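See below for work_16.txt, which holds compact mmCIF, C-alpha atoms.
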```
# COMPACT_ATOMS: atom_id res chain seq x y z
CA MET T 1 -8.02 18.33 35.37
CA THR T 2 -7.28 15.33 37.56
CA LEU T 3 -3.74 14.02 38.11
CA HIS T 4 -2.70 10.58 39.31
CA VAL T 5 0.29 10.52 41.67
CA ARG T 6 2.35 7.48 42.63
CA VAL T 7 5.16 7.32 45.19
CA VAL T 8 6.89 4.66 47.27
CA SER T 9 7.07 5.59 50.93
CA PRO T 10 9.29 4.05 53.62
CA PRO T 11 6.99 1.92 55.85
CA GLU T 12 7.70 4.04 58.93
CA THR T 13 6.47 7.23 57.24
CA THR T 14 3.52 5.86 55.25
CA ASP T 15 0.86 6.57 57.87
CA ALA T 16 2.07 10.15 58.30
CA LEU T 17 2.10 10.59 54.54
CA ILE T 18 -1.47 9.35 54.12
CA LYS T 19 -2.70 11.50 57.00
CA GLU T 20 -1.07 14.57 55.47
CA ILE T 21 -2.39 14.18 51.94
CA GLU T 22 -5.90 13.28 53.09
CA LYS T 23 -6.19 16.73 54.68
CA ASN T 24 -6.74 18.09 51.18
CA ASP T 25 -10.29 17.99 49.78
CA GLY T 26 -8.81 17.70 46.29
CA VAL T 27 -7.29 14.27 47.04
CA SER T 28 -9.29 11.13 46.37
CA HIS T 29 -8.94 7.42 45.55
CA VAL T 30 -6.06 6.87 47.95
CA VAL T 31 -4.62 3.36 47.52
CA VAL T 32 -1.81 1.81 49.59
CA VAL T 33 0.05 -1.32 48.52
CA ARG T 34 2.25 -2.68 51.28
CA GLU T 35 5.70 -4.16 50.66
CA ALA T 36 6.41 -2.68 47.25
CA ARG T 37 9.82 -3.39 45.70
CA ARG T 38 12.40 -1.43 43.71
CA PRO T 39 12.48 0.66 45.79
CA SER T 40 11.20 -1.21 48.82
CA GLY T 41 8.47 0.37 50.90
CA ASP T 42 4.76 1.04 50.56
CA SER T 43 3.34 2.15 47.21
CA VAL T 44 0.94 5.06 47.73
CA GLN T 45 -1.28 6.15 44.86
CA PHE T 46 -3.96 8.81 44.75
CA ASP T 47 -5.77 11.25 42.49
CA VAL T 48 -5.46 14.97 43.02
CA GLU T 49 -7.24 17.93 41.46
CA GLN T 50 -4.92 20.27 39.57
CA GLN T 51 -6.01 23.18 41.76
CA VAL T 52 -4.29 21.71 44.82
CA ALA T 53 -1.56 19.68 43.10
CA ASN T 54 1.20 22.18 43.88
CA SER T 55 0.46 22.22 47.61
CA VAL T 56 0.17 18.42 47.76
CA LEU T 57 3.48 17.94 45.95
CA THR T 58 5.06 20.45 48.33
CA GLN T 59 3.82 18.33 51.23
CA LEU T 60 5.38 15.22 49.69
CA ARG T 61 8.74 16.95 49.40
CA ALA T 62 8.46 18.23 52.96
CA LEU T 63 8.16 14.58 54.04
CA ASN T 64 11.27 13.78 51.93
CA VAL T 65 9.37 11.21 49.89
CA HIS T 66 11.24 12.34 46.77
CA LEU T 67 14.51 11.26 48.40
CA HIS T 68 13.29 7.66 48.64
CA SER T 69 11.58 7.27 45.27
CA THR T 70 10.47 9.14 42.20
CA ILE T 71 7.21 11.05 42.44
CA ALA T 72 5.38 9.94 39.30
CA ILE T 73 2.62 12.23 38.01
CA HIS T 74 0.22 11.32 35.21
CA GLY T 75 -2.61 13.28 33.69
CA VAL T 76 -5.96 11.44 33.81
CA GLU T 77 -7.33 11.45 30.25
CA ALA T 78 -10.91 10.61 31.26
CA ASP T 79 -12.65 10.90 34.60
CA VAL T 80 -16.09 9.22 34.50
CA ARG T 81 -18.18 9.94 37.57
CA GLY T 82 -21.75 9.41 38.63
CA THR T 83 -21.90 12.90 40.14
CA PRO T 84 -20.61 16.22 38.77
CA PRO T 85 -16.87 16.65 39.41
CA GLN T 86 -15.97 18.77 42.40
CA ARG T 87 -13.93 21.18 40.29
CA SER T 88 -17.12 22.39 38.58
CA ARG T 89 -18.01 24.18 41.82
CA LEU T 90 -14.79 26.14 41.97
CA VAL T 91 -15.15 29.90 41.97
CA GLY T 92 -13.41 31.39 38.96
CA HIS T 93 -12.23 28.00 37.66
CA ASP T 94 -8.55 28.80 38.37
CA PHE T 95 -6.19 26.14 37.09
CA PRO T 96 -2.65 26.95 38.25
CA PRO T 97 0.16 25.20 36.39
CA VAL T 98 1.62 22.19 38.17
CA TRP T 99 5.16 23.49 38.41
CA ASP T 100 6.76 20.10 38.98
CA MET T 101 5.28 18.91 35.69
CA VAL T 102 6.29 22.09 33.85
CA GLU T 103 9.89 21.86 35.05
CA SER T 104 10.06 18.12 34.40
CA ARG T 105 8.83 18.67 30.84
CA ILE T 106 11.47 21.34 30.20
CA ARG T 107 14.28 19.29 31.76
CA THR T 108 13.30 16.18 29.80
CA ASP T 109 13.38 18.11 26.52
CA ALA T 110 16.68 19.78 27.43
CA ILE T 111 18.68 16.59 26.83
CA TYR T 112 21.03 17.06 23.91
CA ALA T 113 21.47 13.68 22.31
CA PRO T 114 23.21 13.32 18.92
CA SER T 115 19.76 13.53 17.32
CA PHE T 116 19.48 17.12 18.57
CA TYR T 117 22.45 18.18 16.46
CA LEU T 118 21.45 15.97 13.54
CA LEU T 119 18.01 17.58 13.41
CA LEU T 120 19.56 21.05 13.48
CA VAL T 121 21.84 20.13 10.55
CA ILE T 122 18.93 18.69 8.56
CA ALA T 123 16.79 21.74 9.38
CA GLY T 124 19.65 23.95 8.24
CA LEU T 125 19.90 22.14 4.91
CA ILE T 126 16.14 22.40 4.39
CA ALA T 127 16.33 26.12 5.14
CA SER T 128 19.28 26.53 2.77
CA THR T 129 17.27 24.94 -0.02
CA GLY T 130 14.38 27.24 0.79
CA ILE T 131 16.65 30.28 0.63
CA LEU T 132 18.15 29.24 -2.70
CA THR T 133 14.76 28.54 -4.26
CA ASN T 134 12.89 31.36 -2.52
CA SER T 135 10.51 28.81 -1.01
CA GLN T 136 8.78 30.06 2.13
CA ILE T 137 7.23 26.63 2.64
CA LEU T 138 10.66 25.06 3.04
CA ILE T 139 11.66 27.79 5.50
CA VAL T 140 8.59 27.02 7.60
CA GLY T 141 9.38 23.30 7.38
CA ALA T 142 12.92 23.95 8.63
CA MET T 143 11.54 25.93 11.58
CA VAL T 144 9.32 23.03 12.59
CA VAL T 145 12.12 20.45 12.27
CA GLY T 146 14.63 22.45 14.34
CA PRO T 147 14.69 21.35 18.03
CA GLU T 148 16.45 24.46 19.36
CA TYR T 149 13.45 25.69 21.37
CA SER T 150 14.02 22.94 23.92
CA ALA T 151 17.50 24.34 24.57
CA ILE T 152 16.14 27.88 24.78
CA MET T 153 13.62 26.81 27.42
CA GLY T 154 16.28 24.85 29.28
CA VAL T 155 18.43 27.98 29.53
CA ALA T 156 15.42 30.06 30.60
CA LEU T 157 14.58 27.58 33.36
CA GLY T 158 18.22 27.56 34.46
CA ILE T 159 18.16 31.35 34.76
CA ASP T 160 14.88 31.27 36.68
CA LYS T 161 16.11 28.54 39.07
CA HIS T 162 19.70 29.86 39.24
CA GLU T 163 21.07 26.56 37.93
CA HIS T 164 24.29 27.45 36.15
CA SER T 165 24.81 23.95 34.77
CA LEU T 166 21.44 24.03 33.01
CA VAL T 167 22.28 27.42 31.49
CA SER T 168 25.79 26.51 30.35
CA THR T 169 24.73 23.16 28.92
CA GLY T 170 21.91 24.72 26.93
CA LEU T 171 24.06 27.56 25.61
CA LEU T 172 26.80 25.16 24.54
CA ALA T 173 24.26 22.90 22.84
CA MET T 174 22.88 25.83 20.88
CA PHE T 175 26.35 27.10 19.99
CA TRP T 176 27.53 23.78 18.58
CA GLY T 177 24.14 23.02 17.06
CA PHE T 178 23.82 26.31 15.18
CA LEU T 179 27.49 26.15 14.22
CA SER T 180 26.96 22.67 12.78
CA ALA T 181 23.92 23.89 10.84
CA ALA T 182 25.86 26.89 9.49
CA VAL T 183 28.85 24.76 8.46
CA ALA T 184 26.59 22.20 6.78
CA SER T 185 24.83 25.02 4.92
CA TYR T 186 28.20 26.47 3.91
CA ILE T 187 29.36 23.14 2.47
CA PHE T 188 25.97 22.67 0.80
CA GLY T 189 26.26 26.11 -0.81
CA LEU T 190 29.78 25.42 -2.07
CA CYS T 191 28.62 22.14 -3.63
CA ILE T 192 25.64 23.75 -5.38
CA LYS T 193 27.87 26.56 -6.59
CA ALA T 194 30.56 24.18 -7.87
CA LEU T 195 27.99 22.08 -9.71
CA GLY T 196 26.57 25.18 -11.39
CA LYS T 197 23.11 24.47 -10.00
CA THR T 198 22.53 27.83 -8.34
CA PRO T 199 19.02 29.08 -9.23
CA GLN T 200 19.12 31.96 -11.67
CA TYR T 201 17.06 34.28 -9.52
CA PHE T 202 19.45 33.77 -6.60
CA GLU T 203 22.47 34.59 -8.78
CA LEU T 204 20.76 37.75 -10.06
CA GLY T 205 20.18 38.94 -6.51
CA HIS T 206 16.43 38.28 -6.36
CA ARG T 207 16.40 36.78 -2.89
CA PRO T 208 13.21 37.90 -1.09
CA VAL T 209 13.29 35.04 1.41
CA SER T 210 16.93 35.65 2.27
CA GLY T 211 16.21 39.36 2.59
CA LEU T 212 13.64 38.69 5.29
CA ILE T 213 16.14 36.59 7.23
CA ASN T 214 19.33 38.65 7.09
CA ALA T 215 17.78 42.06 7.75
CA PRO T 216 16.72 42.18 11.43
CA ASN T 217 14.54 45.15 12.35
CA LEU T 218 11.95 46.33 14.84
CA PHE T 219 9.48 43.70 13.66
CA SER T 220 12.04 40.96 14.33
CA VAL T 221 12.19 42.13 17.93
CA ILE T 222 8.39 42.31 18.24
CA ILE T 223 7.87 38.81 16.86
CA ALA T 224 10.61 37.32 19.06
CA VAL T 225 9.09 38.90 22.18
CA LEU T 226 5.56 37.77 21.31
CA ALA T 227 6.78 34.26 20.45
CA GLY T 228 8.57 34.09 23.79
CA VAL T 229 5.40 35.00 25.65
CA VAL T 230 3.31 32.50 23.69
CA GLY T 231 5.92 29.79 24.18
CA ILE T 232 6.14 30.03 27.96
CA VAL T 233 2.37 30.31 28.39
CA SER T 234 1.89 27.30 26.11
CA LEU T 235 4.37 25.22 28.09
CA THR T 236 2.79 26.01 31.44
CA GLU T 237 -0.67 25.35 30.02
CA ALA T 238 0.49 22.25 28.05
CA ARG T 239 -0.88 23.58 24.76
CA SER T 240 1.19 21.89 22.07
CA ASN T 241 -0.61 23.54 19.14
CA ALA T 242 0.53 26.97 20.25
CA ILE T 243 4.10 25.71 20.65
CA ILE T 244 4.13 24.75 16.97
CA GLY T 245 3.14 28.33 16.22
CA VAL T 246 6.23 29.49 18.10
CA PHE T 247 8.43 27.18 16.03
CA ILE T 248 7.28 28.80 12.80
CA SER T 249 7.41 32.36 14.13
CA VAL T 250 11.04 32.86 15.12
CA THR T 251 13.97 33.13 12.75
CA THR T 252 16.61 30.94 14.39
CA ILE T 253 17.50 27.96 12.21
CA PRO T 254 16.85 29.90 8.96
CA ALA T 255 19.29 32.55 10.19
CA ALA T 256 21.92 29.92 11.03
CA ALA T 257 21.49 28.41 7.55
CA ASP T 258 21.76 31.80 5.86
CA ILE T 259 25.01 32.51 7.71
CA GLY T 260 26.67 29.53 6.05
CA LEU T 261 24.94 29.82 2.68
CA SER T 262 25.72 33.54 2.29
CA ALA T 263 29.33 32.90 3.25
CA ALA T 264 29.58 30.21 0.57
CA TYR T 265 28.57 32.79 -2.04
CA GLY T 266 30.76 35.52 -0.59
CA LEU T 267 27.77 37.58 0.58
CA TRP T 268 29.41 38.69 3.79
CA HIS T 269 26.99 41.54 4.53
CA GLU T 270 24.06 39.10 4.40
CA SER T 271 25.97 36.61 6.52
CA ARG T 272 26.57 39.22 9.24
CA GLY T 273 22.92 40.26 9.11
CA SER T 274 21.81 36.66 9.60
CA LEU T 275 24.16 36.30 12.56
CA LEU T 276 22.62 39.38 14.14
CA GLN T 277 19.14 38.00 13.44
CA LEU T 278 20.04 34.73 15.14
CA LEU T 279 21.44 36.48 18.22
CA VAL T 280 18.43 38.80 18.51
CA ASN T 281 15.97 35.91 18.39
CA VAL T 282 17.84 33.64 20.79
CA VAL T 283 18.57 36.35 23.37
CA LEU T 284 15.02 37.69 23.34
CA LEU T 285 13.45 34.24 23.52
CA ILE T 286 15.60 33.27 26.49
CA GLY T 287 15.03 36.56 28.29
CA VAL T 288 11.28 36.69 27.73
CA SER T 289 10.87 33.00 28.69
CA ALA T 290 12.84 33.41 31.92
CA ILE T 291 10.86 36.53 32.85
CA GLY T 292 7.63 34.76 31.88
CA LEU T 293 8.35 31.81 34.17
CA ARG T 294 9.06 34.09 37.12
CA ALA T 295 6.03 36.29 36.40
CA GLN T 296 3.65 33.32 36.22
CA ARG T 297 4.91 31.92 39.52
CA ARG T 298 4.33 35.25 41.23
CA TYR T 299 0.94 35.68 39.59
CA TRP T 300 -0.34 32.34 40.84
CA GLN T 301 1.14 32.90 44.26
CA GLY T 302 -0.72 36.19 44.40
CA ARG T 303 -3.94 34.49 43.29
CA GLY T 304 -3.50 31.78 45.91
CA GLY T 305 -2.87 29.19 43.20
CA GLN T 306 -1.79 26.63 45.78
CA SER T 307 -4.90 26.98 47.91
CA SER T 308 -7.09 24.01 48.72
CA LEU T 309 -10.42 23.14 47.17
CA ARG T 310 -12.03 23.57 50.56
CA ARG T 311 -10.98 27.21 50.74
CA ALA T 312 -11.91 27.87 47.10
CA GLY T 313 -15.38 26.51 47.62
CA ALA T 314 -15.97 28.33 50.87
```
What does the file become when written as structure tokens?
Amino acid sequence: MTLHVRVVSPPETTDALIKEIEKNDGVSHVVVVREARRPSGDSVQFDVEQQVANSVLTQLRALNVHLHSTIAIHGVEADVRGTPPQRSRLVGHDFPPVWDMVESRIRTDAIYAPSFYLLLVIAGLIASTGILTNSQILIVGAMVVGPEYSAIMGVALGIDKHEHSLVSTGLLAMFWGFLSAAVASYIFGLCIKALGKTPQYFELGHRPVSGLINAPNLFSVIIAVLAGVVGIVSLTEARSNAIIGVFISVTTIPAAADIGLSAAYGLWHESRGSLLQLLVNVVLLIGVSAIGLRAQRRYWQGRGGQSSLRRAGA
């Protein structure tokens, strides 16, 4: 994969910057535009192979370019060449994650606008309807709608980078978000109950969907751990399809909905079970994701993931 990088360099450091990045065989198409504005300086643009992107970005930070302007990184969707791309000659075809892009993606998603809480409430109401009607499709739909995974990954990154603000912000967002979903589900349950619209099977205790949610067991732990592994690998590899699979694998928003809905019907044992299910999933997802981030960094460092194309092709 080829990445396009754009920075604005102070004029007095531009020549040193160009000289430094051109040492890498994976850098090509270097373009310099003098007297750029906002911020002022020289606009430097170049393409870089993913295999050496981490080392090149480290060089840019060593030159303090990031203090003068934003380092913009874009993935090149198509790379049409007259000769075979250089990366085809790489031994082993190692493609280390570009950590700046991974972290930027997580930080961007870990912004808790009002829509974050609104989506959790809506997802909770969808899940509540699914629980009342024993509809597994609605439960899956609620899992996809819920945006809580962005907060989970934000907390995991905060743990990995030792950023307490990122951890506390994510935990608070999840606390208020899940609480809002549970309260909304509680009010929804009271309204359905008062209107006499409770499905007959639910009143008779035939609640197979609810039973899967409020009874955490060994399999709940296994699925949460596996989903955590898939989630962190998918983020570092930018595989969105696998991320959707994570959304519909973990019982987070359905558990929050069942807490409120069970409480509305006085089913306190089920409500406590759903709370335990929610805590198990959130804690395991955060822990596995944080460990996964650290493990992948060490793995690629051990494999020489930041080595140059010249060394890989030697």
Please report, as a Markdown table, each residue of stretch 183-268 of chain T lying at most 7 Å from stretch 276-283 of chain T, together with the nearest pair of atoms and the separation in Å rounded to one decimal; use all atoms listed in the file, and order rows by chain and ascending residue number.
```
| residue | atom | partner | partner_atom | distance |
| --- | --- | --- | --- | --- |
| T:Asn214 | CA | T:Gln277 | CA | 6.4 |
| T:Pro216 | CA | T:Gln277 | CA | 5.2 |
| T:Ala224 | CA | T:Asn281 | CA | 5.6 |
| T:Val250 | CA | T:Asn281 | CA | 6.7 |
| T:Thr251 | CA | T:Asn281 | CA | 6.6 |
| T:Thr252 | CA | T:Leu278 | CA | 5.2 |
| T:Ala255 | CA | T:Leu278 | CA | 5.5 |
| T:Ala256 | CA | T:Leu278 | CA | 6.6 |
```
Place a sphere of radius 10 Å on (13.5, 27.2, 13.7) in the file coordinates and name every protein, DNA or RNA residue with an atom inside or on its surface, counting all atoms listed in the file; give the answer as a PDB file with C-alpha atoms, keeping the file's coordinate frame.
```pdb
ATOM      1  CA  LEU T 120      19.560  21.050  13.480  1.00  0.00           C
ATOM      2  CA  ALA T 123      16.790  21.740   9.380  1.00  0.00           C
ATOM      3  CA  GLY T 124      19.650  23.950   8.240  1.00  0.00           C
ATOM      4  CA  ALA T 127      16.330  26.120   5.140  1.00  0.00           C
ATOM      5  CA  ILE T 139      11.660  27.790   5.500  1.00  0.00           C
ATOM      6  CA  VAL T 140       8.590  27.020   7.600  1.00  0.00           C
ATOM      7  CA  GLY T 141       9.380  23.300   7.380  1.00  0.00           C
ATOM      8  CA  ALA T 142      12.920  23.950   8.630  1.00  0.00           C
ATOM      9  CA  MET T 143      11.540  25.930  11.580  1.00  0.00           C
ATOM     10  CA  VAL T 144       9.320  23.030  12.590  1.00  0.00           C
ATOM     11  CA  VAL T 145      12.120  20.450  12.270  1.00  0.00           C
ATOM     12  CA  GLY T 146      14.630  22.450  14.340  1.00  0.00           C
ATOM     13  CA  PRO T 147      14.690  21.350  18.030  1.00  0.00           C
ATOM     14  CA  GLU T 148      16.450  24.460  19.360  1.00  0.00           C
ATOM     15  CA  TYR T 149      13.450  25.690  21.370  1.00  0.00           C
ATOM     16  CA  VAL T 246       6.230  29.490  18.100  1.00  0.00           C
ATOM     17  CA  PHE T 247       8.430  27.180  16.030  1.00  0.00           C
ATOM     18  CA  ILE T 248       7.280  28.800  12.800  1.00  0.00           C
ATOM     19  CA  SER T 249       7.410  32.360  14.130  1.00  0.00           C
ATOM     20  CA  VAL T 250      11.040  32.860  15.120  1.00  0.00           C
ATOM     21  CA  THR T 251      13.970  33.130  12.750  1.00  0.00           C
ATOM     22  CA  THR T 252      16.610  30.940  14.390  1.00  0.00           C
ATOM     23  CA  ILE T 253      17.500  27.960  12.210  1.00  0.00           C
ATOM     24  CA  PRO T 254      16.850  29.900   8.960  1.00  0.00           C
ATOM     25  CA  ALA T 255      19.290  32.550  10.190  1.00  0.00           C
ATOM     26  CA  ALA T 256      21.920  29.920  11.030  1.00  0.00           C
TER      27      ALA T 256
END
```
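Every protein or nucleic acid residue with an atom no more than 12 Å from T:Cys191, counting only C-alpha atoms and leaving out same-chain residues fewer than 6 positions away, appears here: Ala184, Ser185, Lys197, Thr198, Leu261, Ala264 and Tyr265 of chain T.
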Would you compute the distance between atom CA of T:Met1 and atom CA of T:Asn64? Give it in Å to one decimal.
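Taking atom CA of T:Met1 as the start and atom CA of T:Asn64 as the end point, the length is 25.8 Å.
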Is there a way to get, as a list in words, all residues within 9 Å of the point (3.5, 17.3, 40.4) in file coordinates, counting all atoms listed in the file?
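Here is the list of nearby residues: Leu3, Val5, Gln50, Ala53, Asn54, Val56, Leu57, Thr58, Ile71, Ala72, Ile73, His74, Val98, Trp99, Asp100, Met101, Val102 and Ser104 of chain T.
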Closest of T:Glu270, T:Ile152, T:His162, T:Ala257 to T:Gly287 - atom-to-atom distances counting all atoms listed in the file
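Using all atoms listed in the file, T:Gly287 sits closest to T:Ile152.
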Between atom CA of T:Trp300 and atom CA of T:Ser55, what is the spacing in Å?
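Atom CA of T:Ser55 sits 12.2 Å away from atom CA of T:Trp300.
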From the list T:Lys161, T:Ala151, T:Thr133, T:Trp176, which residue is nearest T:Tyr201 when using all atoms listed in the file?
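Of all the options, T:Thr133 lies closest to T:Tyr201.
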Computed interatomic separation between atom CA of T:Val30 and atom CA of T:Glu103 (Å)
25.4 Å
Distance criterion (all atoms listed in the file): nearest to T:Gln200 out of T:Val65, T:Leu132, T:Ala263, T:Val48:
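Of T:Val65, T:Leu132, T:Ala263, T:Val48, the one nearest T:Gln200, counting all atoms listed in the file, is T:Leu132.
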